[in-house]
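Remarks on the structure that follows.
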Amino acid sequence: MAKVGEGDDRWIVQERADGANVHGWHWQEKDCLPWSRVRLEELLGGLVVCAGDSAVWLKVTKVDSVNGEAYVNIRKGKKIPGYEIELKAAWEGEIREGGVEAGAVISKANGTVHLPYIADENADEDPEVKITSAGEGPAFAKMREIMVNKGRALVGAKVKEWRAELHAGGPGGDGPAPVTAPTTTVAGGGGGGPTSTSAFSPAPIKKEPNDSKVSIKLTEKFLCRAVDVFDALTQAQRIMAFTQARAESDPRPGGKFSMFEGSVHGVNVEMVPGQKLVQQWRFTNWPEDCYSTVTITFKEPEPGNTIVALLQTGIPDEDKFGNHNVLDQTEHGWKNLIFGRIRQIFGYGC
């Protein structure tokens, strides 16, 4: 590891004209939901459940919907998947005369396959698979029974196959995400005093983008004191604890901060412990001299229950490479990579 402030080829992404994440060293996030929709359709669409047993031909015909989120974070070559999706599919079956495929169709039935919650938190468990039929009668009952007894396991196995591919890196495998969709990420963390500011970027010009500006509003709840969340966002050691990345912070008005190996940096403008935090804040891939304003207020209606309200204004509509996913990436970072990780690492979850 290079010393703070010294050059290191592993941080070359900040110097490349295309912003490429060389060797996956920097924190990067790939949105894997579109790929997951296609891949799950490939795995499940046309899945044969029964082909002639008891004169029944039965299969999953298509995936109707995959909703939620799926992504892979990559830092220093380590892949960290995250997902929480709901999947709905359809099944159809036929009973054929003589128990042969060429036989006349005696009766038909159809229904749905529903996986209400597929998430990384239960990756070691078999997903819940609900089977329903669209009608009543002996044929529907018979085929639903086959779907429950046999189809459920086959669907679960295909979902596990998708999970394994996502854990291996999702689209592109071990390679980085396409340059056309670079990712930026935010994080914060754990108790400790001010650190040296020698490696921080130059003091920001407090300037918001002159072109298109967008904003984020979030409200989050924590089971802790308000000052605990405040410290997690401002103390260097706590920031590094939940981001697992280099961070620096001078927790006082005018003090500079840096997170995620310098991917996020800025200046503290106003600090009232446990009450209010205002920062000039930016990603390194934003247009030059473009800083947003982050205002976070902390309320504690009763001891140990904290409500955090975030307002971030002046977010550029696109980064300096012309990519228009800045808002989504920033919001996802706050929700999952800052607030979500604070809850997880420090036990402040609701």
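Residue numbering restarts at 1 for every chain of the structure tokens, chains are lettered A, B, ... in their displayed order, and ligands are numbered from 1 as they appear.
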- Residue neighbourhood stretch 78-80 of chain A, 8 Å, only C-alpha atoms, exclusion window fewer than 4 positions, as an MDAnalysis selection string: chainID A and resid 72:74 167:169
How about saving the chosen residues, C-alpha atoms kept, as a PDB file, in the first residue's frame?
ATOM      1  CA  VAL A  72     -22.220  -6.301  -7.497  1.00  0.00           C
ATOM      2  CA  ASN A  73     -19.747  -4.032  -5.757  1.00  0.00           C
ATOM      3  CA  ILE A  74     -16.097  -4.552  -6.666  1.00  0.00           C
ATOM      4  CA  HIS A 167     -21.608 -13.948  -6.642  1.00  0.00           C
ATOM      5  CA  ALA A 168     -18.991 -14.617  -9.332  1.00  0.00           C
ATOM      6  CA  GLY A 169     -19.403 -11.084 -10.650  1.00  0.00           C
TER       7      GLY A 169
END
- Message: Let's see if you can do this: from backbone DSSP, list all strand (DSSP E or B) residues in stretch 41-276 of chain A, as a ChimeraX atom specification.
- Response: /A:48-51,56-75,78-96,105-119,130-133,213-222,248-249,256-259,264-272,276
Emit the selected residues as a PDB file, in the first residue's frame, including C-alpha atoms.
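Written output follows (out-v6.pdb):
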ATOM      1  CA  VAL A  48     -39.410 -28.776 -18.149  1.00  0.00           C
ATOM      2  CA  VAL A  49     -40.895 -30.085 -14.908  1.00  0.00           C
ATOM      3  CA  CYS A  50     -42.608 -33.227 -16.176  1.00  0.00           C
ATOM      4  CA  ALA A  51     -42.389 -34.976 -19.540  1.00  0.00           C
ATOM      5  CA  VAL A  56     -48.512 -35.161 -17.843  1.00  0.00           C
ATOM      6  CA  TRP A  57     -46.346 -32.680 -19.753  1.00  0.00           C
ATOM      7  CA  LEU A  58     -45.597 -29.662 -17.607  1.00  0.00           C
ATOM      8  CA  LYS A  59     -43.191 -26.723 -17.785  1.00  0.00           C
ATOM      9  CA  VAL A  60     -42.477 -23.182 -16.635  1.00  0.00           C
ATOM     10  CA  THR A  61     -43.369 -21.120 -19.685  1.00  0.00           C
ATOM     11  CA  LYS A  62     -41.957 -17.684 -18.930  1.00  0.00           C
ATOM     12  CA  VAL A  63     -40.803 -15.216 -16.289  1.00  0.00           C
ATOM     13  CA  ASP A  64     -43.406 -12.481 -15.953  1.00  0.00           C
ATOM     14  CA  SER A  65     -41.472 -10.092 -13.717  1.00  0.00           C
ATOM     15  CA  VAL A  66     -38.296  -9.617 -11.702  1.00  0.00           C
ATOM     16  CA  ASN A  67     -38.511  -6.573  -9.433  1.00  0.00           C
ATOM     17  CA  GLY A  68     -36.222  -5.157  -6.774  1.00  0.00           C
ATOM     18  CA  GLU A  69     -32.471  -4.590  -6.923  1.00  0.00           C
ATOM     19  CA  ALA A  70     -29.396  -6.610  -7.766  1.00  0.00           C
ATOM     20  CA  TYR A  71     -25.851  -5.320  -7.954  1.00  0.00           C
ATOM     21  CA  VAL A  72     -22.220  -6.301  -7.497  1.00  0.00           C
ATOM     22  CA  ASN A  73     -19.747  -4.032  -5.757  1.00  0.00           C
ATOM     23  CA  ILE A  74     -16.097  -4.552  -6.666  1.00  0.00           C
ATOM     24  CA  ARG A  75     -13.168  -3.158  -4.693  1.00  0.00           C
ATOM     25  CA  LYS A  78     -13.207  -8.439  -4.300  1.00  0.00           C
ATOM     26  CA  LYS A  79     -16.776  -8.998  -5.472  1.00  0.00           C
ATOM     27  CA  ILE A  80     -19.543  -8.097  -3.013  1.00  0.00           C
ATOM     28  CA  PRO A  81     -23.011  -8.980  -4.347  1.00  0.00           C
ATOM     29  CA  GLY A  82     -26.220  -7.511  -3.045  1.00  0.00           C
ATOM     30  CA  TYR A  83     -29.753  -8.356  -4.112  1.00  0.00           C
ATOM     31  CA  GLU A  84     -33.353  -8.316  -2.969  1.00  0.00           C
ATOM     32  CA  ILE A  85     -35.782  -9.330  -5.668  1.00  0.00           C
ATOM     33  CA  GLU A  86     -39.264 -10.714  -6.205  1.00  0.00           C
ATOM     34  CA  LEU A  87     -39.850 -13.092  -9.100  1.00  0.00           C
ATOM     35  CA  LYS A  88     -43.102 -14.129 -10.762  1.00  0.00           C
ATOM     36  CA  ALA A  89     -43.363 -16.760 -13.486  1.00  0.00           C
ATOM     37  CA  ALA A  90     -46.042 -18.824 -15.230  1.00  0.00           C
ATOM     38  CA  TRP A  91     -46.475 -22.556 -15.688  1.00  0.00           C
ATOM     39  CA  GLU A  92     -48.628 -24.607 -18.046  1.00  0.00           C
ATOM     40  CA  GLY A  93     -49.364 -28.291 -18.360  1.00  0.00           C
ATOM     41  CA  GLU A  94     -51.285 -30.850 -20.382  1.00  0.00           C
ATOM     42  CA  ILE A  95     -52.574 -34.359 -19.839  1.00  0.00           C
ATOM     43  CA  ARG A  96     -52.340 -36.380 -23.061  1.00  0.00           C
ATOM     44  CA  VAL A 105     -54.618 -33.344 -25.257  1.00  0.00           C
ATOM     45  CA  ILE A 106     -57.257 -34.396 -22.762  1.00  0.00           C
ATOM     46  CA  SER A 107     -57.012 -31.424 -20.403  1.00  0.00           C
ATOM     47  CA  LYS A 108     -54.907 -28.359 -19.693  1.00  0.00           C
ATOM     48  CA  ALA A 109     -53.992 -26.369 -16.606  1.00  0.00           C
ATOM     49  CA  ASN A 110     -51.921 -23.346 -15.781  1.00  0.00           C
ATOM     50  CA  GLY A 111     -50.847 -21.213 -12.838  1.00  0.00           C
ATOM     51  CA  THR A 112     -48.119 -19.086 -11.314  1.00  0.00           C
ATOM     52  CA  VAL A 113     -44.768 -19.494  -9.625  1.00  0.00           C
ATOM     53  CA  HIS A 114     -44.013 -16.797  -7.067  1.00  0.00           C
ATOM     54  CA  LEU A 115     -40.731 -16.245  -5.232  1.00  0.00           C
ATOM     55  CA  PRO A 116     -41.593 -13.293  -2.972  1.00  0.00           C
ATOM     56  CA  TYR A 117     -38.164 -12.715  -1.441  1.00  0.00           C
ATOM     57  CA  ILE A 118     -34.781 -13.670  -2.882  1.00  0.00           C
ATOM     58  CA  ALA A 119     -32.107 -11.782  -0.943  1.00  0.00           C
ATOM     59  CA  LYS A 130     -45.205 -20.477  -3.924  1.00  0.00           C
ATOM     60  CA  ILE A 131     -47.202 -22.452  -6.491  1.00  0.00           C
ATOM     61  CA  THR A 132     -50.759 -21.499  -7.401  1.00  0.00           C
ATOM     62  CA  SER A 133     -53.182 -22.754 -10.037  1.00  0.00           C
ATOM     63  CA  LYS A 213     -29.027  20.247 -10.991  1.00  0.00           C
ATOM     64  CA  VAL A 214     -30.889  17.511  -9.164  1.00  0.00           C
ATOM     65  CA  SER A 215     -31.392  16.683  -5.495  1.00  0.00           C
ATOM     66  CA  ILE A 216     -31.979  13.795  -3.111  1.00  0.00           C
ATOM     67  CA  LYS A 217     -34.214  13.610  -0.043  1.00  0.00           C
ATOM     68  CA  LEU A 218     -33.980  10.630   2.309  1.00  0.00           C
ATOM     69  CA  THR A 219     -35.313   9.760   5.750  1.00  0.00           C
ATOM     70  CA  GLU A 220     -33.678   6.927   7.678  1.00  0.00           C
ATOM     71  CA  LYS A 221     -34.303   5.406  11.121  1.00  0.00           C
ATOM     72  CA  PHE A 222     -31.717   4.021  13.543  1.00  0.00           C
ATOM     73  CA  GLU A 248      -9.712  10.750   6.506  1.00  0.00           C
ATOM     74  CA  SER A 249     -11.644  13.336   8.469  1.00  0.00           C
ATOM     75  CA  LYS A 256     -11.769  18.338   5.105  1.00  0.00           C
ATOM     76  CA  PHE A 257     -12.946  14.767   4.731  1.00  0.00           C
ATOM     77  CA  SER A 258     -12.265  11.961   2.269  1.00  0.00           C
ATOM     78  CA  MET A 259     -13.896   8.527   1.889  1.00  0.00           C
ATOM     79  CA  VAL A 264     -15.665  11.059  -2.199  1.00  0.00           C
ATOM     80  CA  HIS A 265     -14.291  14.203  -0.612  1.00  0.00           C
ATOM     81  CA  GLY A 266     -15.264  17.644   0.561  1.00  0.00           C
ATOM     82  CA  VAL A 267     -15.383  20.078   3.471  1.00  0.00           C
ATOM     83  CA  ASN A 268     -17.448  20.235   6.652  1.00  0.00           C
ATOM     84  CA  VAL A 269     -19.418  23.498   6.710  1.00  0.00           C
ATOM     85  CA  GLU A 270     -21.551  23.210   9.851  1.00  0.00           C
ATOM     86  CA  MET A 271     -21.342  20.623  12.639  1.00  0.00           C
ATOM     87  CA  VAL A 272     -23.624  20.371  15.656  1.00  0.00           C
ATOM     88  CA  LYS A 276     -26.947  18.857  12.246  1.00  0.00           C
TER      89      LYS A 276
END
- Which one is closest to A:Leu47: A:Ala153, A:Gly98, A:Arg282, A:Arg343? Count only C-alpha atoms.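 Looking only at the distances to A:Leu47, the closest residue turns out to be A:Ala153.
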- Query: Which residues in stretch 13-171 of chain A does DSSP call helix (DSSP H, G or I)? List them as number ranges by chain.
  - Reply: A: 13-14, 22-24, 33-44, 53-55, 97-99, 120-122, 138-167
- Which neighbours of A:Lys158 fall inside 10 Å, counting only C-alpha atoms, when residues of the same chain fewer than 2 positions from it are skipped, and could you give them as a ChimeraX atom specification? /A:40,42-44,47,153-156,160-164
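Between atom CA of A:Val278 and atom CA of A:Gln312 lies a distance of 9.6 Å.
Here atom CA of A:Gly151 stands at a distance of 12.1 Å from atom CA of A:Gly46.
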- Item | Which of A:Ala123, A:Ala226, A:Val129, A:Cys32 sits closest to A:Pro301 [using only C-alpha atoms] | A:Ala226
- For atom CA of A:Asp126 and atom CA of A:Arg152, quote the distance in Å rounded to one decimal.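 A separation of 10.2 Å between them.
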